[in-house]
>>> print(open('input_6.cif').read())   # mmCIF, C-alpha atoms and all ligand atoms
data_model
#
loop_
_atom_site.group_PDB
_atom_site.id
_atom_site.type_symbol
_atom_site.label_atom_id
_atom_site.label_comp_id
_atom_site.auth_asym_id
_atom_site.auth_seq_id
_atom_site.Cartn_x
_atom_site.Cartn_y
_atom_site.Cartn_z
ATOM 1 C CA MET A 9 90.300 128.227 89.151
ATOM 2 C CA ASN A 10 92.448 125.918 91.220
ATOM 3 C CA THR A 11 90.896 125.783 94.682
ATOM 4 C CA VAL A 12 93.786 123.950 96.376
ATOM 5 C CA THR A 13 95.225 126.355 98.907
ATOM 6 C CA VAL A 14 98.932 126.934 99.481
ATOM 7 C CA SER A 15 98.736 125.182 102.848
ATOM 8 C CA GLN A 16 97.076 122.127 101.259
ATOM 9 C CA GLN A 17 99.771 122.039 98.604
ATOM 10 C CA GLN A 18 102.427 122.130 101.294
ATOM 11 C CA ALA A 19 100.635 119.406 103.240
ATOM 12 C CA ARG A 20 100.459 117.196 100.172
ATOM 13 C CA VAL A 21 104.220 116.814 100.004
ATOM 14 C CA GLY A 22 104.958 113.573 98.169
ATOM 15 C CA ILE A 23 101.637 113.227 96.352
ATOM 16 C CA ASP A 24 103.407 113.611 92.994
ATOM 17 C CA ILE A 25 105.558 110.559 93.655
ATOM 18 C CA PRO A 26 103.732 107.717 91.860
ATOM 19 C CA PHE A 27 104.096 105.120 94.639
ATOM 20 C CA VAL A 28 103.000 107.668 97.268
ATOM 21 C CA ARG A 29 99.997 108.672 95.190
ATOM 22 C CA GLU A 30 98.978 105.049 94.712
ATOM 23 C CA MET A 31 99.112 104.423 98.481
ATOM 24 C CA ALA A 32 97.149 107.618 99.148
ATOM 25 C CA GLU A 33 94.451 106.818 96.600
ATOM 26 C CA THR A 34 94.153 103.197 97.694
ATOM 27 C CA THR A 35 93.840 103.992 101.384
ATOM 28 C CA TYR A 36 91.265 106.669 100.528
ATOM 29 C CA ASN A 37 89.225 104.211 98.462
ATOM 30 C CA MET A 38 89.303 101.627 101.242
ATOM 31 C CA TRP A 39 88.070 104.229 103.705
ATOM 32 C CA LYS A 40 85.268 105.185 101.286
ATOM 33 C CA PHE A 41 84.224 101.545 101.071
ATOM 34 C CA GLY A 42 83.838 101.596 104.858
ATOM 35 C CA TRP A 43 86.606 99.055 105.372
ATOM 36 C CA ASP A 44 88.926 101.321 107.374
ATOM 37 C CA GLU A 45 87.065 103.124 110.094
ATOM 38 C CA ARG A 46 89.169 105.359 112.331
ATOM 39 C CA ASN A 47 92.752 104.043 112.159
ATOM 40 C CA GLY A 48 91.748 100.566 110.939
ATOM 41 C CA GLY A 49 93.862 98.842 108.314
ATOM 42 C CA ASN A 50 97.447 98.982 107.127
ATOM 43 C CA VAL A 51 99.325 98.600 103.846
ATOM 44 C CA SER A 52 102.926 97.789 102.979
ATOM 45 C CA CYS A 53 104.432 97.646 99.536
ATOM 46 C CA ILE A 54 107.920 96.590 98.430
ATOM 47 C CA LEU A 55 109.537 99.094 96.048
ATOM 48 C CA ASP A 56 112.500 98.709 93.715
ATOM 49 C CA GLU A 57 115.572 100.741 94.583
ATOM 50 C CA ALA A 58 115.657 102.178 91.044
ATOM 51 C CA GLU A 59 112.071 103.387 91.479
ATOM 52 C CA VAL A 60 112.749 104.952 94.891
ATOM 53 C CA GLU A 61 115.959 106.756 93.982
ATOM 54 C CA GLN A 62 114.230 108.679 91.215
ATOM 55 C CA TYR A 63 112.360 110.623 93.900
ATOM 56 C CA ILE A 64 114.108 110.165 97.243
ATOM 57 C CA ASP A 65 117.724 110.504 98.375
ATOM 58 C CA ILE A 66 118.467 106.931 99.404
ATOM 59 C CA GLN A 67 121.796 107.926 101.019
ATOM 60 C CA GLN A 68 120.006 110.149 103.512
ATOM 61 C CA VAL A 69 118.759 108.027 106.423
ATOM 62 C CA LYS A 70 116.577 110.304 108.595
ATOM 63 C CA TYR A 71 116.681 107.963 111.590
ATOM 64 C CA THR A 72 116.514 104.265 112.363
ATOM 65 C CA ILE A 73 113.919 102.135 114.142
ATOM 66 C CA GLN A 74 114.407 98.809 115.862
ATOM 67 C CA PRO A 75 111.990 96.217 114.376
ATOM 68 C CA ALA A 76 110.179 93.780 116.704
ATOM 69 C CA PHE A 77 112.438 91.026 115.329
ATOM 70 C CA ALA A 78 115.422 90.952 112.961
ATOM 71 C CA VAL A 79 114.294 90.616 109.346
ATOM 72 C CA HIS A 80 117.373 89.202 107.620
ATOM 73 C CA GLU A 81 115.241 87.812 104.782
ATOM 74 C CA LEU A 82 114.200 91.363 103.834
ATOM 75 C CA ALA A 83 117.634 93.018 104.178
ATOM 76 C CA GLY A 84 118.112 95.908 101.757
ATOM 77 C CA LYS A 85 114.460 95.975 100.690
ATOM 78 C CA TYR A 86 112.501 99.227 100.432
ATOM 79 C CA PHE A 87 108.954 99.499 101.769
ATOM 80 C CA ILE A 88 106.319 102.175 101.755
ATOM 81 C CA VAL A 89 104.026 101.566 104.729
ATOM 82 C CA THR A 90 101.134 103.230 106.525
ATOM 83 C CA GLY A 91 101.778 104.811 109.912
ATOM 84 C CA SER A 92 100.578 103.487 113.256
ATOM 85 C CA GLY A 93 97.345 105.105 114.473
ATOM 86 C CA LYS A 94 96.896 106.973 111.185
ATOM 87 C CA TYR A 95 93.483 107.369 109.561
ATOM 88 C CA PHE A 96 93.223 106.136 105.955
ATOM 89 C CA LYS A 97 90.895 109.028 105.097
ATOM 90 C CA ASN A 98 93.685 111.517 105.891
ATOM 91 C CA VAL A 99 96.555 110.019 103.867
ATOM 92 C CA ILE A 100 95.638 111.814 100.654
ATOM 93 C CA ASP A 101 95.820 115.250 102.298
ATOM 94 C CA ASP A 102 99.113 114.677 104.083
ATOM 95 C CA PRO A 103 101.002 111.633 102.779
ATOM 96 C CA GLU A 104 104.204 112.637 104.541
ATOM 97 C CA ALA A 105 102.540 112.485 107.975
ATOM 98 C CA ASN A 106 100.602 109.263 107.381
ATOM 99 C CA LEU A 107 103.025 107.151 105.352
ATOM 100 C CA GLY A 108 106.700 106.331 105.597
ATOM 101 C CA LEU A 109 109.344 104.930 103.329
ATOM 102 C CA LEU A 110 111.881 102.679 104.971
ATOM 103 C CA ARG A 111 114.707 100.360 104.037
ATOM 104 C CA VAL A 112 115.626 97.268 105.991
ATOM 105 C CA SER A 113 119.310 97.697 106.869
ATOM 106 C CA ALA A 114 121.926 95.505 105.226
ATOM 107 C CA ASN A 115 122.179 93.323 108.354
ATOM 108 C CA GLY A 116 118.374 93.090 108.697
ATOM 109 C CA GLU A 117 118.424 94.511 112.220
ATOM 110 C CA GLN A 118 117.336 98.118 111.701
ATOM 111 C CA LEU A 119 114.712 99.979 109.728
ATOM 112 C CA GLU A 120 116.148 103.039 108.027
ATOM 113 C CA VAL A 121 113.530 105.753 107.569
ATOM 114 C CA LEU A 122 114.159 107.651 104.319
ATOM 115 C CA TRP A 123 110.967 109.653 103.930
ATOM 116 C CA GLY A 124 107.687 110.419 105.697
ATOM 117 C CA PHE A 125 106.581 109.576 109.257
ATOM 118 C CA LYS A 126 106.524 113.324 109.861
ATOM 119 C CA ASN A 127 106.109 114.540 113.450
ATOM 120 C CA GLY A 128 107.289 111.331 115.088
ATOM 121 C CA ALA A 129 104.947 108.869 113.347
ATOM 122 C CA VAL A 130 105.971 105.207 113.386
ATOM 123 C CA PRO A 131 105.132 102.226 111.129
ATOM 124 C CA THR A 132 101.867 100.332 111.494
ATOM 125 C CA SER A 133 101.348 98.237 114.620
ATOM 126 C CA GLU A 134 100.845 95.264 112.306
ATOM 127 C CA LEU A 135 104.376 95.504 110.864
ATOM 128 C CA PRO A 136 105.308 92.064 112.306
ATOM 129 C CA SER A 137 102.396 90.447 110.425
ATOM 130 C CA HIS A 138 103.300 92.361 107.277
ATOM 131 C CA PHE A 139 106.998 91.492 107.393
ATOM 132 C CA MET A 140 106.377 87.831 108.192
ATOM 133 C CA SER A 141 103.789 87.640 105.401
ATOM 134 C CA HIS A 142 106.186 89.293 102.921
ATOM 135 C CA ILE A 143 108.876 86.775 103.869
ATOM 136 C CA GLU A 144 106.590 83.780 103.291
ATOM 137 C CA ARG A 145 104.992 85.075 100.086
ATOM 138 C CA LEU A 146 108.430 85.900 98.618
ATOM 139 C CA LYS A 147 109.538 82.310 99.260
ATOM 140 C CA VAL A 148 106.742 81.004 97.053
ATOM 141 C CA ASP A 149 106.464 83.941 94.639
ATOM 142 C CA PRO A 150 109.452 86.189 93.850
ATOM 143 C CA LYS A 151 107.143 88.732 92.195
ATOM 144 C CA HIS A 152 105.197 89.263 95.428
ATOM 145 C CA ARG A 153 105.174 92.944 96.552
ATOM 146 C CA VAL A 154 102.098 93.984 98.534
ATOM 147 C CA VAL A 155 100.314 93.188 101.799
ATOM 148 C CA ILE A 156 97.015 94.937 102.577
ATOM 149 C CA HIS A 157 95.063 94.530 105.804
ATOM 150 C CA ASN A 158 91.627 96.030 106.266
ATOM 151 C CA HIS A 159 88.322 95.547 108.052
ATOM 152 C CA ALA A 160 86.186 94.524 105.055
ATOM 153 C CA THR A 161 82.666 94.655 106.478
ATOM 154 C CA ASN A 162 80.977 91.586 105.049
ATOM 155 C CA VAL A 163 84.041 89.412 105.524
ATOM 156 C CA ILE A 164 83.882 90.216 109.228
ATOM 157 C CA ALA A 165 80.112 89.645 109.293
ATOM 158 C CA MET A 166 80.503 86.275 107.589
ATOM 159 C CA SER A 167 83.071 85.206 110.184
ATOM 160 C CA PHE A 168 80.244 85.242 112.768
ATOM 161 C CA VAL A 169 77.690 83.207 110.875
ATOM 162 C CA HIS A 170 79.756 80.761 108.805
ATOM 163 C CA ASN A 171 81.915 78.031 110.309
ATOM 164 C CA LEU A 172 85.622 78.855 110.326
ATOM 165 C CA ASP A 173 86.919 75.748 108.579
ATOM 166 C CA GLU A 174 89.060 77.350 105.852
ATOM 167 C CA ASN A 175 88.133 74.861 103.144
ATOM 168 C CA GLN A 176 84.421 75.225 103.823
ATOM 169 C CA PHE A 177 84.735 79.001 104.088
ATOM 170 C CA THR A 178 86.578 79.081 100.748
ATOM 171 C CA ARG A 179 84.065 76.813 99.077
ATOM 172 C CA THR A 180 81.172 79.003 100.157
ATOM 173 C CA LEU A 181 82.963 82.102 98.793
ATOM 174 C CA TRP A 182 83.666 80.320 95.499
ATOM 175 C CA GLU A 183 79.957 79.508 95.254
ATOM 176 C CA MET A 184 78.890 83.132 95.683
ATOM 177 C CA CYS A 185 80.245 84.665 92.452
ATOM 178 C CA THR A 186 81.457 83.029 89.271
ATOM 179 C CA GLU A 187 84.778 84.906 89.233
ATOM 180 C CA CYS A 188 85.892 83.846 92.731
ATOM 181 C CA ILE A 189 87.534 80.516 91.923
ATOM 182 C CA VAL A 190 89.447 82.224 89.121
ATOM 183 C CA VAL A 191 90.667 85.090 91.346
ATOM 184 C CA PHE A 192 91.594 82.986 94.374
ATOM 185 C CA PRO A 193 91.935 79.319 93.339
ATOM 186 C CA ASP A 194 94.277 78.864 96.324
ATOM 187 C CA GLY A 195 91.382 79.667 98.664
ATOM 188 C CA ILE A 196 91.646 81.740 101.790
ATOM 189 C CA GLY A 197 93.465 80.769 104.960
ATOM 190 C CA VAL A 198 91.732 81.193 108.308
ATOM 191 C CA ILE A 199 93.500 81.647 111.647
ATOM 192 C CA PRO A 200 91.844 81.502 115.075
ATOM 193 C CA TRP A 201 90.850 84.779 116.749
ATOM 194 C CA MET A 202 94.031 86.301 118.194
ATOM 195 C CA VAL A 203 95.208 89.586 119.711
ATOM 196 C CA PRO A 204 96.284 91.892 116.844
ATOM 197 C CA GLY A 205 99.664 93.596 116.632
ATOM 198 C CA SER A 206 101.534 90.649 118.147
ATOM 199 C CA ASN A 207 104.323 88.502 116.744
ATOM 200 C CA GLU A 208 102.049 85.478 117.386
ATOM 201 C CA ILE A 209 99.321 86.654 115.026
ATOM 202 C CA GLY A 210 102.084 87.516 112.548
ATOM 203 C CA GLN A 211 103.426 83.968 112.710
ATOM 204 C CA ALA A 212 99.974 82.406 112.351
ATOM 205 C CA THR A 213 99.166 84.676 109.393
ATOM 206 C CA ALA A 214 102.488 84.083 107.671
ATOM 207 C CA GLN A 215 102.154 80.321 108.053
ATOM 208 C CA LYS A 216 98.870 80.512 106.116
ATOM 209 C CA MET A 217 100.529 82.759 103.532
ATOM 210 C CA ARG A 218 102.633 79.780 102.393
ATOM 211 C CA ASP A 219 99.536 78.349 100.746
ATOM 212 C CA HIS A 220 97.184 81.310 100.309
ATOM 213 C CA HIS A 221 97.248 84.895 99.012
ATOM 214 C CA ALA A 222 94.590 85.930 101.540
ATOM 215 C CA VAL A 223 94.085 85.196 105.233
ATOM 216 C CA LEU A 224 90.968 85.840 107.306
ATOM 217 C CA TRP A 225 91.271 87.201 110.819
ATOM 218 C CA PRO A 226 87.874 86.206 112.241
ATOM 219 C CA HIS A 227 85.816 89.057 113.712
ATOM 220 C CA HIS A 228 88.575 91.492 112.704
ATOM 221 C CA GLY A 229 89.360 91.650 108.983
ATOM 222 C CA ILE A 230 91.426 90.281 106.166
ATOM 223 C CA PHE A 231 94.972 90.216 104.805
ATOM 224 C CA GLY A 232 95.387 90.190 101.035
ATOM 225 C CA THR A 233 98.612 90.018 99.035
ATOM 226 C CA GLY A 234 99.704 90.402 95.439
ATOM 227 C CA HIS A 235 102.253 91.543 92.882
ATOM 228 C CA SER A 236 100.798 95.053 92.968
ATOM 229 C CA ILE A 237 98.472 97.209 95.022
ATOM 230 C CA ASP A 238 95.823 96.686 92.341
ATOM 231 C CA GLU A 239 96.116 92.931 92.653
ATOM 232 C CA ALA A 240 96.043 92.790 96.473
ATOM 233 C CA PHE A 241 93.192 95.310 96.583
ATOM 234 C CA GLY A 242 91.301 93.472 93.826
ATOM 235 C CA LEU A 243 91.655 90.206 95.723
ATOM 236 C CA ILE A 244 90.144 91.714 98.865
ATOM 237 C CA GLU A 245 87.413 93.386 96.805
ATOM 238 C CA THR A 246 86.488 90.051 95.259
ATOM 239 C CA ILE A 247 86.414 88.237 98.599
ATOM 240 C CA GLU A 248 84.401 91.052 100.162
ATOM 241 C CA LYS A 249 81.930 90.989 97.262
ATOM 242 C CA ALA A 250 81.418 87.233 97.709
ATOM 243 C CA ALA A 251 80.964 87.721 101.462
ATOM 244 C CA GLN A 252 78.416 90.454 100.736
ATOM 245 C CA ILE A 253 76.408 88.119 98.489
ATOM 246 C CA TYR A 254 76.568 85.476 101.215
ATOM 247 C CA MET A 255 75.225 87.907 103.799
ATOM 248 C CA LEU A 256 72.491 89.039 101.386
ATOM 249 C CA ILE A 257 71.256 85.518 100.669
ATOM 250 C CA ALA A 258 71.729 84.075 104.170
ATOM 251 C CA ASN A 259 68.351 83.002 105.536
ATOM 252 C CA HIS A 260 66.737 83.141 102.106
ATOM 253 C CA SER A 261 65.689 79.881 100.484
ATOM 254 C CA ILE A 262 68.371 78.928 97.979
ATOM 255 C CA ARG A 263 66.842 77.652 94.717
ATOM 256 C CA GLN A 264 70.046 76.973 92.802
ATOM 257 C CA LYS A 265 73.811 77.130 93.148
ATOM 258 C CA ILE A 266 77.026 77.127 91.147
ATOM 259 C CA THR A 267 77.748 73.390 91.211
ATOM 260 C CA ASP A 268 81.080 71.697 91.811
ATOM 261 C CA GLN A 269 81.044 70.659 88.165
ATOM 262 C CA GLN A 270 80.604 74.278 87.098
ATOM 263 C CA LEU A 271 83.403 75.390 89.442
ATOM 264 C CA ALA A 272 85.665 72.710 87.951
ATOM 265 C CA ASP A 273 84.716 73.818 84.445
ATOM 266 C CA LEU A 274 85.525 77.426 85.329
ATOM 267 C CA ALA A 275 88.916 76.458 86.704
ATOM 268 C CA HIS A 276 89.633 74.495 83.550
ATOM 269 C CA ALA A 277 88.492 77.313 81.249
ATOM 270 C CA PHE A 278 90.667 79.880 83.044
ATOM 271 C CA GLY A 279 93.654 77.585 83.526
ATOM 272 C CA VAL A 280 93.740 77.681 87.336
ATOM 273 C CA THR A 281 94.102 74.798 89.771
ATOM 274 C CA PRO A 282 91.649 74.897 92.673
ATOM 275 C CA ARG A 283 93.175 74.106 96.029
ATOM 276 C CA GLU A 284 92.805 70.398 96.665
ATOM 277 C CA GLY A 285 90.268 69.037 99.094
ATOM 278 C CA ILE A 286 87.646 71.751 98.617
ATOM 279 C CA LEU A 287 85.544 70.612 95.666
ATOM 280 C CA GLN A 288 83.810 67.216 95.620
ATOM 281 C CA THR A 289 84.931 66.614 92.080
ATOM 282 C CA ILE A 290 87.502 68.608 90.187
ATOM 283 C CA THR A 291 87.252 66.770 86.919
ATOM 284 C CA SER A 292 86.446 69.174 84.139
ATOM 285 C CA SER A 293 83.657 68.143 81.792
ATOM 286 C CA PHE A 294 85.661 69.566 78.876
HETATM 287 O O1 LIG B 301 95.010 99.701 113.725
HETATM 288 O O2 LIG B 301 93.789 97.447 111.715
HETATM 289 O O3 LIG B 301 94.787 95.499 113.187
HETATM 290 C C1 LIG B 301 95.141 99.098 112.566
HETATM 291 C C2 LIG B 301 94.584 97.750 112.567
HETATM 292 C C3 LIG B 301 95.039 96.795 113.576
HETATM 293 ZN ZN ZN B 302 92.924 95.557 111.853
#
>>> encode(input="input_6.cif", output="structure tokens")
Amino acid sequence: MNTVTVSQQQARVGIDIPFVREMAETTYNMWKFGWDERNGGNVSCILDEAEVEQYIDIQQVKYTIQPAFAVHELAGKYFIVTGSGKYFKNVIDDPEANLGLLRVSANGEQLEVLWGFKNGAVPTSELPSHFMSHIERLKVDPKHRVVIHNHATNVIAMSFVHNLDENQFTRTLWEMCTECIVVFPDGIGVIPWMVPGSNEIGQATAQKMRDHHAVLWPHHGIFGTGHSIDEAFGLIETIEKAAQIYMLIANHSIRQKITDQQLADLAHAFGVTPREGILQTITSSF
């Protein structure tokens, strides 16, 4: 027997829309991993108009919001984003209250809400960082679509005990698991500790996004990007896994390591180019 009550069904308005379901499931998984306590974390995903109009009336603007800054570069683009102050664990039970779908107006100066943000919800407080990151990633990668921010536990832990030089931080992560250099050959960017939610942290993050898919916010969390939610989520998962290994082996005597030669051989075998200046030698032995 189906145990979902009528009120739950009503609350789950939108869950049958594929891009809503994907956001709901992803935010739920991140909460289950312990990366999104309380209202921690935010996600934004660019959608194609053709995809949106299959499910939502794109002529019907519910209301408009003034963004923190004009986003001419994103004019006309559709985004599904998490709501400010919303708990990731709750999205799956009421997507319409915890998510919103918006379009950047044709002149880039308004956000047109088309769906969601029920009961006066507003977009994530980190929207400036998301928008600025989307703008920079799109400049270097037209297929870019997704920005995910969360409070991945071991990444935060590592930011206390490892130095914050981004090349050294990257190198240590690469050394922790064989797959790392293949998943993020461009390394991770690191910004100084800054107050979240501000345009300043958005600018610092976006500047790093020119060269990296992922950016560490020390003592706070991580930003990961990709062509899809799977890719951005998988990137963060991989970084978090490496950080977890680091935290597990810290203060143990290290008997052996993945060498620079092995990292170079991996890069060669998988056809990726490691960011310059991180490995001692990047000559493949093949
Ligand atoms: O509140 O994670 O950085 C959501 C956040 C802020
Ligand atoms: Zn955060």
>>> closest_residue(input="input_6.cif", among="A:Asn50, A:Gln215, A:Thr90, A:Thr72", to="ligand ZN 302 (chain B)", atoms="all atoms listed in the file")
A:Asn50
>>> resolve_selection(input="input_6.cif", expression="the PyMOL selection byres (((not hetatm)) within 8 of (chain B and resi 301))", output="list of chain:residue names")
A:Asp44, A:Asn47, A:Gly48, A:Gly49, A:Asn50, A:Ser92, A:Gly93, A:Lys94, A:Thr132, A:Ser133, A:Glu134, A:His157, A:Asn158, A:His159, A:Pro204, A:Gly205, A:His228, A:Gly229
>>> resolve_selection(input="input_6.cif", expression="the PyMOL selection byres (((chain A and resi 226) around 6) and not hetatm)", output="PyMOL selection string")
chain A and resi 167+201+224-225+227-228
>>> residues_near_point(input="input_6.cif", point="(89.3, 67.2, 100.8)", cutoff="12 Å", atoms="all atoms listed in the file", output="list in words")
Asp173, Glu174, Asn175, Gln176, Arg179, Pro282, Arg283, Glu284, Gly285, Ile286, Leu287, Gln288, Thr289 and Ile290 of chain A
>>> axis_aligned_box(input="input_6.cif", around="range 134-143 of chain A", padding_each_side="8 Å", output="lines of an AutoDock Vina configuration file")
center_x = 104.9
center_y = 91.1
center_z = 107.6
size_x = 24.0
size_y = 24.7
size_z = 25.4
>>> closest_residue(input="input_6.cif", among="A:Val155, A:Ile266, A:Ala160, A:Leu271", to="Lys40 in chain A", atoms="all atoms listed in the file")
A:Ala160
>>> atom_distance(input="input_6.cif", atom1="CA of Thr233 in chain A", atom2="CA of Arg145 in chain A")
8.1 Å
>>> closest_residue(input="input_6.cif", among="A:Arg111, A:Ile25, A:Thr161, A:Ile100", to="Gln67 in chain A", atoms="all atoms listed in the file")
A:Arg111
>>> closest_residue(input="input_6.cif", among="A:Gln211, A:Thr178, A:Asn162, A:Asn171", to="Ala251 in chain A", atoms="all atoms listed in the file")
A:Asn162
>>> closest_residue(input="input_6.cif", among="A:Leu110, A:Ile209, A:Met255, A:Ile244", to="Phe192 in chain A", atoms="all atoms listed in the file")
A:Ile244
>>> residues_around(input="input_6.cif", residues="Glu208 in chain A", least_positions_apart="6", cutoff="9 Å", atoms="all atoms listed in the file", output="ChimeraX atom specification")
/A:136-137,202
>>> write_last_selection(input="input_6.cif", atoms="C-alpha atoms", output="compact mmCIF listing (two decimals), keeping the file's coordinate frame")
# COMPACT_ATOMS: atom_id res chain seq x y z
CA PRO A 136 105.31 92.06 112.31
CA SER A 137 102.40 90.45 110.42
CA MET A 202 94.03 86.30 118.19
>>> residues_around(input="input_6.cif", residues="Ile237 in chain A", least_positions_apart="5", cutoff="9 Å", atoms="all atoms listed in the file", output="ChimeraX atom specification")
/A:30-31,34,51,53,153-156,242
>>> closest_residue(input="input_6.cif", among="A:Ser206, A:Asn259, A:Thr186, A:Gln62", to="ligand ZN 302 (chain B)", atoms="only C-alpha atoms and all ligand atoms")
A:Ser206
>>> residues_around(input="input_6.cif", residues="Gln74 in chain A", least_positions_apart="2", cutoff="12 Å", atoms="all atoms listed in the file", output="JSON list (two decimals) with C-alpha atoms, keeping the file's coordinate frame")
[["chain", "number", "residue", "atom", "x", "y", "z"],
["A", 71, "TYR", "CA", 116.68, 107.96, 111.59],
["A", 72, "THR", "CA", 116.51, 104.26, 112.36],
["A", 76, "ALA", "CA", 110.18, 93.78, 116.70],
["A", 77, "PHE", "CA", 112.44, 91.03, 115.33],
["A", 78, "ALA", "CA", 115.42, 90.95, 112.96],
["A", 79, "VAL", "CA", 114.29, 90.62, 109.35],
["A", 110, "LEU", "CA", 111.88, 102.68, 104.97],
["A", 111, "ARG", "CA", 114.71, 100.36, 104.04],
["A", 112, "VAL", "CA", 115.63, 97.27, 105.99],
["A", 113, "SER", "CA", 119.31, 97.70, 106.87],
["A", 116, "GLY", "CA", 118.37, 93.09, 108.70],
["A", 117, "GLU", "CA", 118.42, 94.51, 112.22],
["A", 118, "GLN", "CA", 117.34, 98.12, 111.70],
["A", 119, "LEU", "CA", 114.71, 99.98, 109.73],
["A", 120, "GLU", "CA", 116.15, 103.04, 108.03],
["A", 121, "VAL", "CA", 113.53, 105.75, 107.57],
["A", 130, "VAL", "CA", 105.97, 105.21, 113.39],
["A", 131, "PRO", "CA", 105.13, 102.23, 111.13],
["A", 135, "LEU", "CA", 104.38, 95.50, 110.86],
["A", 136, "PRO", "CA", 105.31, 92.06, 112.31]]
>>> residues_around(input="input_6.cif", residues="Lys216 in chain A", least_positions_apart="2", cutoff="10 Å", atoms="all atoms listed in the file", output="list of chain:residue names")
A:Ser141, A:Glu144, A:Arg145, A:Ile196, A:Gly197, A:Val198, A:Ile199, A:Gln211, A:Ala212, A:Thr213, A:Ala214, A:Arg218, A:Asp219, A:His220, A:His221, A:Ala222, A:Val223, A:Leu224
>>> atom_distance(input="input_6.cif", atom1="CA of Trp43 in chain A", atom2="CA of His170 in chain A")
19.8 Å
>>> atom_distance(input="input_6.cif", atom1="CA of Phe87 in chain A", atom2="CA of Pro193 in chain A")
27.7 Å
>>> resolve_selection(input="input_6.cif", expression="the PyMOL selection byres (((chain A and resi 151) around 12) and not hetatm)", output="PyMOL selection string")
chain A and resi 53-56+142-143+145-150+152-154+233-236+239
>>> decode(input="input_6.cif", residues="range 248-264 of chain A", atoms="N, CA and C atoms", output="PDB file, in the first residue's frame")
ATOM      1  N   GLU A 248      36.435  15.583  -1.056  1.00  0.00           N
ATOM      2  CA  GLU A 248      36.126  15.259   0.343  1.00  0.00           C
ATOM      3  C   GLU A 248      36.732  13.907   0.731  1.00  0.00           C
ATOM      4  N   LYS A 249      36.670  12.943  -0.182  1.00  0.00           N
ATOM      5  CA  LYS A 249      37.247  11.625   0.105  1.00  0.00           C
ATOM      6  C   LYS A 249      38.747  11.751   0.343  1.00  0.00           C
ATOM      7  N   ALA A 250      39.429  12.527  -0.517  1.00  0.00           N
ATOM      8  CA  ALA A 250      40.875  12.717  -0.359  1.00  0.00           C
ATOM      9  C   ALA A 250      41.172  13.407   0.976  1.00  0.00           C
ATOM     10  N   ALA A 251      40.351  14.407   1.312  1.00  0.00           N
ATOM     11  CA  ALA A 251      40.548  15.119   2.584  1.00  0.00           C
ATOM     12  C   ALA A 251      40.322  14.166   3.756  1.00  0.00           C
ATOM     13  N   GLN A 252      39.376  13.255   3.604  1.00  0.00           N
ATOM     14  CA  GLN A 252      39.112  12.275   4.666  1.00  0.00           C
ATOM     15  C   GLN A 252      40.320  11.351   4.867  1.00  0.00           C
ATOM     16  N   ILE A 253      40.906  10.908   3.758  1.00  0.00           N
ATOM     17  CA  ILE A 253      42.104  10.051   3.869  1.00  0.00           C
ATOM     18  C   ILE A 253      43.215  10.837   4.566  1.00  0.00           C
ATOM     19  N   TYR A 254      43.361  12.104   4.154  1.00  0.00           N
ATOM     20  CA  TYR A 254      44.401  12.939   4.782  1.00  0.00           C
ATOM     21  C   TYR A 254      44.187  13.006   6.289  1.00  0.00           C
ATOM     22  N   MET A 255      42.955  13.261   6.705  1.00  0.00           N
ATOM     23  CA  MET A 255      42.688  13.382   8.136  1.00  0.00           C
ATOM     24  C   MET A 255      42.878  12.042   8.852  1.00  0.00           C
ATOM     25  N   LEU A 256      42.629  10.934   8.132  1.00  0.00           N
ATOM     26  CA  LEU A 256      42.818   9.617   8.756  1.00  0.00           C
ATOM     27  C   LEU A 256      44.293   9.273   8.941  1.00  0.00           C
ATOM     28  N   ILE A 257      45.134   9.725   7.997  1.00  0.00           N
ATOM     29  CA  ILE A 257      46.549   9.338   8.089  1.00  0.00           C
ATOM     30  C   ILE A 257      47.400  10.383   8.794  1.00  0.00           C
ATOM     31  N   ALA A 258      46.832  11.601   8.987  1.00  0.00           N
ATOM     32  CA  ALA A 258      47.608  12.654   9.654  1.00  0.00           C
ATOM     33  C   ALA A 258      48.081  12.129  11.006  1.00  0.00           C
ATOM     34  N   ASN A 259      49.324  12.399  11.307  1.00  0.00           N
ATOM     35  CA  ASN A 259      49.946  11.959  12.566  1.00  0.00           C
ATOM     36  C   ASN A 259      50.247  10.457  12.626  1.00  0.00           C
ATOM     37  N   HIS A 260      50.046   9.762  11.514  1.00  0.00           N
ATOM     38  CA  HIS A 260      50.541   8.384  11.448  1.00  0.00           C
ATOM     39  C   HIS A 260      51.867   8.430  10.687  1.00  0.00           C
ATOM     40  N   SER A 261      52.722   7.429  10.899  1.00  0.00           N
ATOM     41  CA  SER A 261      53.973   7.466  10.130  1.00  0.00           C
ATOM     42  C   SER A 261      53.686   6.966   8.714  1.00  0.00           C
ATOM     43  N   ILE A 262      54.078   7.780   7.749  1.00  0.00           N
ATOM     44  CA  ILE A 262      53.789   7.464   6.343  1.00  0.00           C
ATOM     45  C   ILE A 262      54.924   6.588   5.817  1.00  0.00           C
ATOM     46  N   ARG A 263      54.600   5.406   5.332  1.00  0.00           N
ATOM     47  CA  ARG A 263      55.638   4.467   4.858  1.00  0.00           C
ATOM     48  C   ARG A 263      55.886   4.621   3.358  1.00  0.00           C
ATOM     49  N   GLN A 264      54.827   4.966   2.630  1.00  0.00           N
ATOM     50  CA  GLN A 264      54.978   5.143   1.183  1.00  0.00           C
ATOM     51  C   GLN A 264      53.908   6.095   0.673  1.00  0.00           C
TER      52      GLN A 264
END
